[in-house]
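One file, coords28.csv, is given below (CSV, C-alpha atoms).
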```csv
chain,number,residue,atom,x,y,z
A,1296,MET,CA,112.6,107.7,106.9
A,1297,GLY,CA,111.3,108.1,103.3
A,1298,LYS,CA,108.0,109.9,103.3
A,1299,GLY,CA,107.1,108.7,99.9
A,1300,LEU,CA,108.4,106.4,97.2
A,1301,PHE,CA,107.7,105.5,93.5
A,1302,GLY,CA,106.5,102.1,92.7
A,1303,ARG,CA,104.7,100.0,90.1
A,1304,LYS,CA,101.3,98.3,90.5
A,1305,ILE,CA,101.8,94.5,89.9
A,1306,GLY,CA,98.2,93.4,90.3
A,1307,MET,CA,95.6,92.2,92.7
A,1308,THR,CA,95.2,88.9,94.5
A,1309,GLN,CA,93.9,87.7,97.9
A,1310,VAL,CA,95.6,86.4,101.0
A,1311,PHE,CA,94.5,85.2,104.4
A,1312,ASP,CA,94.9,87.4,107.5
A,1313,PHE,CA,95.8,86.1,111.0
A,1314,GLU,CA,92.1,85.2,111.7
A,1315,GLY,CA,91.9,83.1,108.5
A,1316,GLN,CA,89.7,85.5,106.6
A,1317,ARG,CA,90.3,86.3,103.0
A,1318,VAL,CA,91.5,89.8,102.3
A,1319,PRO,CA,91.7,91.4,98.8
A,1320,VAL,CA,95.2,93.0,98.4
A,1321,THR,CA,97.2,94.8,95.7
A,1322,VAL,CA,100.8,93.9,95.2
A,1323,LEU,CA,103.1,96.9,94.6
A,1324,GLU,CA,106.7,96.8,93.6
A,1325,VAL,CA,108.2,99.8,95.4
A,1326,GLY,CA,111.6,101.2,94.8
A,1327,PRO,CA,114.5,101.1,94.9
A,1328,CYS,CA,114.6,104.9,94.5
A,1329,PRO,CA,118.0,106.6,94.5
A,1330,VAL,CA,118.2,110.0,96.1
A,1331,LEU,CA,119.2,112.4,93.3
A,1332,HIS,CA,119.4,115.7,95.2
A,1333,VAL,CA,118.9,116.9,98.8
A,1334,LYS,CA,117.4,120.4,99.3
A,1335,THR,CA,117.9,122.0,102.7
A,1336,GLU,CA,116.5,125.1,104.4
A,1337,ALA,CA,120.0,126.5,104.9
A,1338,GLY,CA,120.9,125.9,101.2
A,1339,PRO,CA,119.9,127.9,98.1
A,1340,ASP,CA,116.5,126.2,97.9
A,1341,GLY,CA,115.3,127.5,101.2
A,1342,TYR,CA,113.2,124.3,102.1
A,1343,ASN,CA,113.8,120.7,103.1
A,1344,ALA,CA,113.1,118.2,100.3
A,1345,LEU,CA,114.4,115.1,98.7
A,1346,VAL,CA,114.5,114.5,94.9
A,1347,ILE,CA,114.3,110.8,94.1
A,1348,GLY,CA,114.2,108.7,90.9
A,1349,PHE,CA,112.7,105.4,89.8
A,1350,GLY,CA,112.8,103.1,86.8
A,1351,LYS,CA,115.2,102.9,83.9
A,1352,LYS,CA,115.7,104.9,80.7
A,1353,LYS,CA,118.3,105.0,78.0
A,1354,VAL,CA,121.0,107.8,77.7
A,1355,LYS,CA,119.5,109.1,74.4
A,1356,GLN,CA,116.1,109.5,76.0
A,1357,ILE,CA,117.0,112.2,78.5
A,1358,ASN,CA,117.8,115.9,78.2
A,1359,LYS,CA,121.1,117.5,79.3
A,1360,PRO,CA,119.8,119.1,82.6
A,1361,ASP,CA,118.6,115.7,83.7
A,1362,ALA,CA,121.8,114.0,82.6
A,1363,GLY,CA,123.7,116.5,84.7
A,1364,LEU,CA,121.5,115.6,87.7
A,1365,PHE,CA,122.2,111.9,87.4
A,1366,ALA,CA,125.9,112.4,86.8
A,1367,LYS,CA,126.2,114.6,89.8
A,1368,ALA,CA,124.4,112.1,92.0
A,1369,GLY,CA,126.4,109.3,90.5
A,1370,VAL,CA,123.4,107.0,89.9
A,1371,GLU,CA,121.9,105.3,86.9
A,1372,ILE,CA,119.5,107.1,84.7
A,1373,CYS,CA,116.0,107.1,86.1
A,1374,ALA,CA,112.7,107.2,84.1
A,1375,HIS,CA,110.8,109.1,86.7
A,1376,ILE,CA,111.9,112.0,89.0
A,1377,GLY,CA,109.9,113.2,91.9
A,1378,GLU,CA,110.4,115.6,94.9
A,1379,MET,CA,109.0,115.3,98.3
A,1380,ARG,CA,109.0,117.7,101.3
A,1381,VAL,CA,110.5,116.1,104.4
A,1382,SER,CA,111.5,117.3,107.9
A,1383,ALA,CA,114.9,118.8,108.7
A,1384,GLU,CA,115.6,115.6,110.8
A,1385,ASP,CA,115.0,113.4,107.7
A,1386,VAL,CA,117.2,115.5,105.5
A,1387,GLY,CA,120.1,115.0,107.9
A,1388,GLN,CA,119.8,111.2,107.6
A,1389,VAL,CA,119.8,111.0,103.8
A,1390,GLU,CA,122.8,111.5,101.4
A,1391,VAL,CA,122.8,111.9,97.7
A,1392,GLY,CA,123.1,108.4,96.0
A,1393,MET,CA,121.4,106.5,98.8
A,1394,MET,CA,118.8,103.9,97.8
A,1395,LEU,CA,115.4,104.1,99.4
A,1396,ASP,CA,113.4,100.9,99.2
A,1397,ALA,CA,110.2,99.2,100.4
A,1398,SER,CA,111.7,98.7,103.9
A,1399,ALA,CA,110.9,102.4,104.5
A,1400,PHE,CA,107.4,101.1,105.2
A,1401,THR,CA,106.2,98.6,107.8
A,1402,ALA,CA,103.3,96.2,107.9
A,1403,GLY,CA,100.2,97.7,109.5
A,1404,GLN,CA,101.1,101.2,108.5
A,1405,ILE,CA,98.5,103.5,106.9
A,1406,VAL,CA,99.5,105.0,103.5
A,1407,ASP,CA,98.1,107.1,100.7
A,1408,ILE,CA,98.6,105.8,97.1
A,1409,ARG,CA,98.5,108.0,94.0
A,1410,GLY,CA,98.3,106.8,90.4
A,1411,ILE,CA,96.8,107.5,87.0
A,1412,SER,CA,93.4,105.9,86.7
A,1413,LYS,CA,92.6,103.6,83.7
A,1414,GLY,CA,91.5,105.4,80.6
A,1415,ARG,CA,87.9,104.9,79.5
A,1416,GLY,CA,87.8,107.4,76.7
A,1417,PHE,CA,84.7,109.5,75.9
A,1418,THR,CA,82.1,108.1,78.2
A,1419,GLY,CA,78.4,108.7,78.7
A,1420,VAL,CA,76.8,110.0,82.0
A,1421,ILE,CA,75.7,106.5,83.2
A,1422,LYS,CA,79.2,105.2,83.5
A,1423,ARG,CA,81.0,108.5,84.2
A,1424,HIS,CA,78.7,110.0,86.8
A,1425,ASN,CA,76.7,107.0,88.0
A,1426,MET,CA,73.5,108.5,86.8
A,1427,HIS,CA,70.4,106.2,86.5
A,1428,MET,CA,69.2,104.8,83.3
A,1429,PRO,CA,65.9,106.0,82.0
A,1430,LYS,CA,63.1,103.5,82.3
A,1431,ALA,CA,62.9,101.0,79.5
A,1432,SER,CA,59.1,100.4,79.5
A,1433,HIS,CA,55.8,102.3,80.0
A,1434,GLY,CA,55.9,104.0,76.6
A,1435,THR,CA,59.6,105.1,76.7
A,1436,HIS,CA,61.1,105.5,73.2
A,1437,GLU,CA,64.4,106.6,71.7
A,1438,VAL,CA,66.1,107.2,75.1
A,1439,PHE,CA,68.4,104.5,76.4
A,1440,ARG,CA,71.3,106.0,78.3
A,1441,HIS,CA,70.3,109.7,78.5
A,1442,GLY,CA,71.0,111.8,81.6
A,1443,GLY,CA,67.6,113.5,81.7
A,1444,SER,CA,66.9,117.2,81.9
A,1445,LEU,CA,69.8,119.7,81.8
A,1446,GLY,CA,68.0,122.4,83.8
A,1447,MET,CA,65.0,124.8,84.1
A,1448,ARG,CA,63.2,127.0,81.7
A,1449,THR,CA,63.5,130.7,80.6
A,1450,THR,CA,64.9,131.4,84.0
A,1451,PRO,CA,67.8,130.9,84.1
A,1452,GLY,CA,67.7,130.1,80.4
A,1453,ARG,CA,71.1,128.5,80.4
A,1454,VAL,CA,72.8,125.3,81.6
A,1455,TRP,CA,74.6,125.6,85.0
A,1456,LEU,CA,78.3,125.6,84.8
A,1457,GLY,CA,79.7,122.3,85.9
A,1458,LYS,CA,76.5,120.3,84.8
A,1459,LYS,CA,77.5,116.7,84.7
A,1460,MET,CA,77.6,115.5,81.1
A,1461,ALA,CA,79.4,113.0,78.9
A,1462,GLY,CA,83.1,113.4,78.3
A,1463,GLN,CA,86.6,112.0,78.9
A,1464,TYR,CA,86.7,109.6,81.8
A,1465,GLY,CA,89.8,108.1,83.3
A,1466,VAL,CA,93.5,109.0,82.8
A,1467,GLU,CA,93.4,111.3,85.8
A,1468,LYS,CA,95.4,111.6,88.9
A,1469,VAL,CA,93.7,109.6,91.7
A,1470,THR,CA,94.7,109.4,95.3
A,1471,ILE,CA,93.4,106.6,97.5
A,1472,GLN,CA,93.8,107.6,101.2
A,1473,ASN,CA,94.3,105.5,104.3
A,1474,LEU,CA,95.1,102.1,102.8
A,1475,LYS,CA,96.6,99.6,105.3
A,1476,ILE,CA,99.8,97.8,104.5
A,1477,HIS,CA,99.2,94.1,104.9
A,1478,SER,CA,102.8,93.0,104.6
A,1479,VAL,CA,106.2,94.2,103.3
A,1480,GLU,CA,108.7,91.9,101.5
A,1481,PRO,CA,112.0,93.9,101.4
A,1482,GLU,CA,114.0,91.3,99.6
A,1483,LYS,CA,111.7,91.5,96.5
A,1484,ASN,CA,110.9,95.2,97.0
A,1485,LEU,CA,107.2,94.4,97.5
A,1486,ILE,CA,104.5,96.1,99.5
A,1487,VAL,CA,101.1,94.3,99.8
A,1488,VAL,CA,98.3,96.8,100.5
A,1489,ARG,CA,94.8,96.0,101.6
A,1490,GLY,CA,92.2,97.1,98.9
A,1491,SER,CA,92.6,98.5,95.4
A,1492,CYS,CA,94.9,101.1,93.9
A,1493,PRO,CA,94.3,103.3,90.9
A,1494,GLY,CA,95.7,102.5,87.4
A,1495,ALA,CA,96.4,99.4,85.2
A,1496,ASN,CA,98.7,96.6,86.2
A,1497,GLY,CA,102.3,97.8,85.5
A,1498,SER,CA,101.5,101.5,85.9
A,1499,LEU,CA,103.5,103.9,88.0
A,1500,ILE,CA,102.2,104.7,91.5
A,1501,TRP,CA,103.4,106.9,94.3
A,1502,ILE,CA,103.1,105.6,97.9
A,1503,GLN,CA,103.4,108.0,100.8
A,1504,GLU,CA,102.6,108.5,104.5
A,1505,PRO,CA,99.0,109.6,104.9
A,1506,SER,CA,98.2,113.2,104.3
A,1507,LYS,CA,95.3,113.1,106.8
A,1508,PRO,CA,95.1,111.2,110.1
A,1509,ALA,CA,93.0,108.0,109.9
A,1510,LYS,CA,89.5,108.6,111.3
A,1511,LYS,CA,89.5,105.3,113.2
A,1512,ALA,CA,92.3,103.5,114.7
A,1513,GLY,CA,93.0,100.2,112.9
A,1514,VAL,CA,91.1,101.1,109.8
B,196,MET,CA,100.2,84.4,86.8
B,197,ASN,CA,102.7,87.2,87.5
B,198,SER,CA,105.7,85.7,89.3
B,199,LEU,CA,105.6,88.5,92.0
B,200,ILE,CA,102.0,87.7,92.7
B,201,SER,CA,102.7,84.0,93.1
B,202,TYR,CA,105.6,85.0,95.4
B,203,VAL,CA,103.1,86.9,97.6
B,204,GLN,CA,100.7,84.0,97.5
B,205,SER,CA,103.3,81.3,98.2
B,206,GLY,CA,103.2,82.0,102.0
B,207,HIS,CA,99.5,81.5,102.0
B,208,LEU,CA,99.2,78.2,100.2
B,209,ARG,CA,98.8,74.9,102.0
B,210,PHE,CA,99.5,71.4,100.7
B,211,ASP,CA,98.5,69.3,103.6
B,212,LEU,CA,94.9,68.5,102.4
B,213,PRO,CA,94.4,65.1,100.8
B,214,SER,CA,94.0,65.0,97.1
B,215,PHE,CA,90.4,64.7,96.1
B,216,ALA,CA,88.3,65.0,92.9
B,217,THR,CA,84.8,65.9,91.8
B,218,GLY,CA,82.3,63.3,93.0
B,219,ASP,CA,84.2,62.4,96.1
B,220,THR,CA,82.3,62.3,99.4
B,221,VAL,CA,84.3,64.4,101.9
B,222,ARG,CA,84.2,65.4,105.5
B,223,VAL,CA,85.4,68.9,106.1
B,224,HIS,CA,86.3,70.1,109.7
B,225,GLY,CA,86.0,73.9,109.7
B,226,ARG,CA,86.9,76.3,112.4
B,227,ILE,CA,83.9,78.6,113.2
B,228,ILE,CA,84.5,81.7,115.2
B,229,GLU,CA,81.4,83.1,117.0
B,230,GLY,CA,82.3,86.3,118.9
B,231,GLU,CA,85.0,85.1,121.2
B,232,LYS,CA,84.0,81.4,121.1
B,233,GLU,CA,85.6,79.0,118.7
B,234,ARG,CA,84.3,75.6,117.7
B,235,VAL,CA,84.7,73.0,115.0
B,236,GLN,CA,81.9,72.3,112.6
B,237,ILE,CA,81.9,69.1,110.5
B,238,TYR,CA,80.4,69.3,107.0
B,239,GLU,CA,80.0,66.2,105.0
B,240,GLY,CA,78.9,66.0,101.4
B,241,VAL,CA,79.7,65.4,97.7
B,242,VAL,CA,82.3,67.6,96.0
B,243,LEU,CA,80.3,69.3,93.2
B,244,ARG,CA,83.3,71.1,91.6
B,245,LYS,CA,86.8,72.4,92.1
B,246,SER,CA,87.0,76.0,90.9
B,247,ALA,CA,89.3,77.0,88.0
B,248,GLY,CA,90.9,79.6,90.4
B,249,GLN,CA,94.7,79.2,90.5
B,250,GLY,CA,96.9,79.5,93.6
B,251,VAL,CA,95.2,81.0,96.6
B,252,ASP,CA,92.0,81.7,94.6
B,253,ALA,CA,91.1,78.0,94.4
B,254,THR,CA,87.9,76.9,96.0
B,255,PHE,CA,85.7,73.8,96.0
B,256,THR,CA,82.0,73.3,96.5
B,257,VAL,CA,80.5,70.6,98.7
B,258,ARG,CA,76.8,69.7,98.4
B,259,LYS,CA,74.8,67.8,101.0
B,260,ILE,CA,71.1,67.3,101.7
B,261,SER,CA,70.3,68.9,105.1
B,262,ASN,CA,66.8,68.1,106.4
B,263,GLY,CA,65.6,67.5,102.9
B,264,ILE,CA,67.0,70.7,101.5
B,265,GLY,CA,70.1,70.8,99.3
B,266,VAL,CA,72.9,72.9,100.7
B,267,GLU,CA,76.1,73.9,98.9
B,268,ARG,CA,79.1,75.4,100.7
B,269,ILE,CA,82.1,76.9,99.0
B,270,PHE,CA,85.4,76.4,100.8
B,271,PRO,CA,88.6,78.3,99.9
B,272,MET,CA,91.1,75.5,99.2
B,273,HIS,CA,94.0,77.2,101.1
B,274,SER,CA,92.0,78.6,104.0
B,275,PRO,CA,93.7,78.2,107.4
B,276,ARG,CA,90.1,77.8,108.8
B,277,LEU,CA,90.0,74.3,107.3
B,278,LEU,CA,91.3,72.2,110.2
B,279,LYS,CA,91.1,68.8,108.6
B,280,MET,CA,89.6,67.1,105.6
B,281,GLU,CA,88.8,63.4,105.0
B,282,VAL,CA,88.0,61.7,101.8
B,283,LEU,CA,85.3,59.1,102.7
B,284,SER,CA,84.7,57.6,99.2
B,285,SER,CA,85.2,58.4,95.6
B,286,GLY,CA,82.2,58.5,93.2
B,287,LYS,CA,82.4,57.5,89.5
B,288,VAL,CA,81.8,60.7,87.5
B,289,ARG,CA,82.6,61.5,83.9
B,290,ARG,CA,82.7,65.3,84.2
B,291,ALA,CA,84.5,67.9,86.2
B,292,LYS,CA,81.4,69.8,87.3
B,293,ILE,CA,78.5,67.5,88.4
B,294,TYR,CA,75.8,70.2,88.5
B,295,PHE,CA,73.3,67.6,87.3
B,296,LEU,CA,73.1,66.3,90.9
B,297,ARG,CA,71.1,69.4,91.8
B,298,GLU,CA,68.2,68.2,89.6
B,299,LEU,CA,68.2,64.7,91.0
B,300,GLN,CA,66.6,63.4,94.2
B,301,GLY,CA,66.8,60.3,96.3
B,302,LYS,CA,68.3,57.2,94.8
B,303,ALA,CA,68.9,58.9,91.5
B,304,ALA,CA,71.2,61.4,93.2
B,305,LYS,CA,73.5,58.6,94.3
B,306,LEU,CA,76.9,58.3,92.6
B,307,LYS,CA,78.4,54.9,91.9
B,308,LYS,CA,81.4,54.3,94.1
B,309,ILE,CA,84.8,53.6,92.8
B,310,GLU,CA,86.3,50.7,94.7
B,311,GLU,CA,89.9,51.4,95.9
B,312,GLN,CA,92.4,49.4,94.0
B,313,TYR,CA,95.4,47.9,95.6
```

Transcribe the structure of this file into structure tokens.
Amino acid sequence: MGKGLFGRKIGMTQVFDFEGQRVPVTVLEVGPCPVLHVKTEAGPDGYNALVIGFGKKKVKQINKPDAGLFAKAGVEICAHIGEMRVSAEDVGQVEVGMMLDASAFTAGQIVDIRGISKGRGFTGVIKRHNMHMPKASHGTHEVFRHGGSLGMRTTPGRVWLGKKMAGQYGVEKVTIQNLKIHSVEPEKNLIVVRGSCPGANGSLIWIQEPSKPAKKAGV
Amino acid sequence: MNSLISYVQSGHLRFDLPSFATGDTVRVHGRIIEGEKERVQIYEGVVLRKSAGQGVDATFTVRKISNGIGVERIFPMHSPRLLKMEVLSSGKVRRAKIYFLRELQGKAAKLKKIEEQY
């Protein structure tokens, strides 16, 4: 029913699949996410969407508009608020105050996971853009981790816009598409996903139905 | 380890293998899947080390001399592909990782056996 949910990255481990092979997996704590508001096409908003929350916050940490939202929905204060577009059919099944949890997803399902990647600070081109290191021998001196030439000569006489250089790396929104759910543990609100997810352990993630169809069946 | 991670791992752990230590000579019955066929391969050798990995990450390394060439295989401790494991004898070793065996050949590579005490 829920097209997407908030969650938290717990960490990575490995498990055995039904063939006995080791699989690298990421453990996510997903939900419970209370429905704060339901937007409908017929209503003043003009489109179908759900507003959901996740996490905890103190009363003094929120502003008055948000406080009103939580009071109206009759749920505890949430740290994170998000909106997702859903079909008219889904809107009909959901009421304000309902809890959406990990059981919205099933094992074997393909999902997209969005998060904020780990911050690496101001980073050189070797790490940031996977450029090659200059050679260390054959007369090379004073260059260790340079990116090489920036461009041509008098023509064009400038550096192309978007030239890959050093700069801030990480702390950006990253979406990993088409990850397969290995298993779901509804009693602990856990979803175990094959592969890795962006962000540090404990960071906020958003898990949703895939935005693109998987290229191969059973990816 | 995070309690939620150990919760996920708990379903994948197995406790039916006999207890063994570094220096033991063991016989491991492993399930080998080749295409659609399945067979059991027996691998016998000396346990060189048990990994520091915790929970489902734990592995152990078994060394044997195959046709005069030293072979080491690493088995995941909790793999469902391990059908059976037998401890044939226990060697007298002082350390947890007996890598020095790699340098030794012939009679020198033999470990003193610990006689079972009753």

| message | Distance limit 8 Å, atoms considered: all atoms listed in the file. Which chain A residues sit that close to chain B? Return them as number ranges by chain. | response | A: 1305-1311, 1315-1317, 1322, 1487

| task | Rounded to one decimal place, report the atom CA of B:Ile293-atom CA of B:Thr254 distance in Å. | result |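 Atom-to-atom, atom CA of B:Ile293 to atom CA of B:Thr254, that is 15.3 Å.
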
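Atom pair atom CA of A:Ala1344 / atom CA of A:Ser1412: separated by 26.9 Å.
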
| query | Near stretch 295-310 of chain B, counting all atoms listed in the file, which residues have an atom at most 10 Å away, once you skip same-chain residues fewer than 4 positions from it, shown as a VMD selection string? | reply | chain B and resid 218 to 220 241 243 258 260 263 265 to 267 284 to 288

| task | Give the answer as one residue: which of B:Ile264, B:Val221, B:Ala216, B:Met280 has the shortest atom-to-atom distance to B:Lys245, using only C-alpha atoms? | result |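 The shortest atom-to-atom distance to B:Lys245 comes from B:Ala216.
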
| said: Report, in Å with one decimal, the straight-line distance from atom CA of A:Leu1499 to atom CA of A:His1375. | reply: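 Distance between the two atoms: 9.1 Å.
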
| Using all atoms listed in the file: which of A:Thr1335, A:Ser1491, A:Thr1418, A:Thr1401 has the shortest distance to A:Ala1383 |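 Closest residue, counting all atoms listed in the file: A:Thr1335.
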
| request: Skip B:Ile227 itself and residues of its chain fewer than 6 positions away, then list as a PyMOL selection string all residues within 9 Å of it, counting all atoms listed in the file. | output: chain B and resi 233-236+276

| query | Can you tell me, as a list in words, what residues are no more than 10 Å from A:Ala1399 when counting only C-alpha atoms, ignoring any on the same chain fewer than 2 positions away? | reply |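 Listing them by chain and then by number gives Met1296, Gly1297, Lys1298, Gly1299, Leu1300, Val1325, Gly1326, Leu1395, Asp1396, Ala1397, Thr1401, Val1479 and Pro1481 of chain A.
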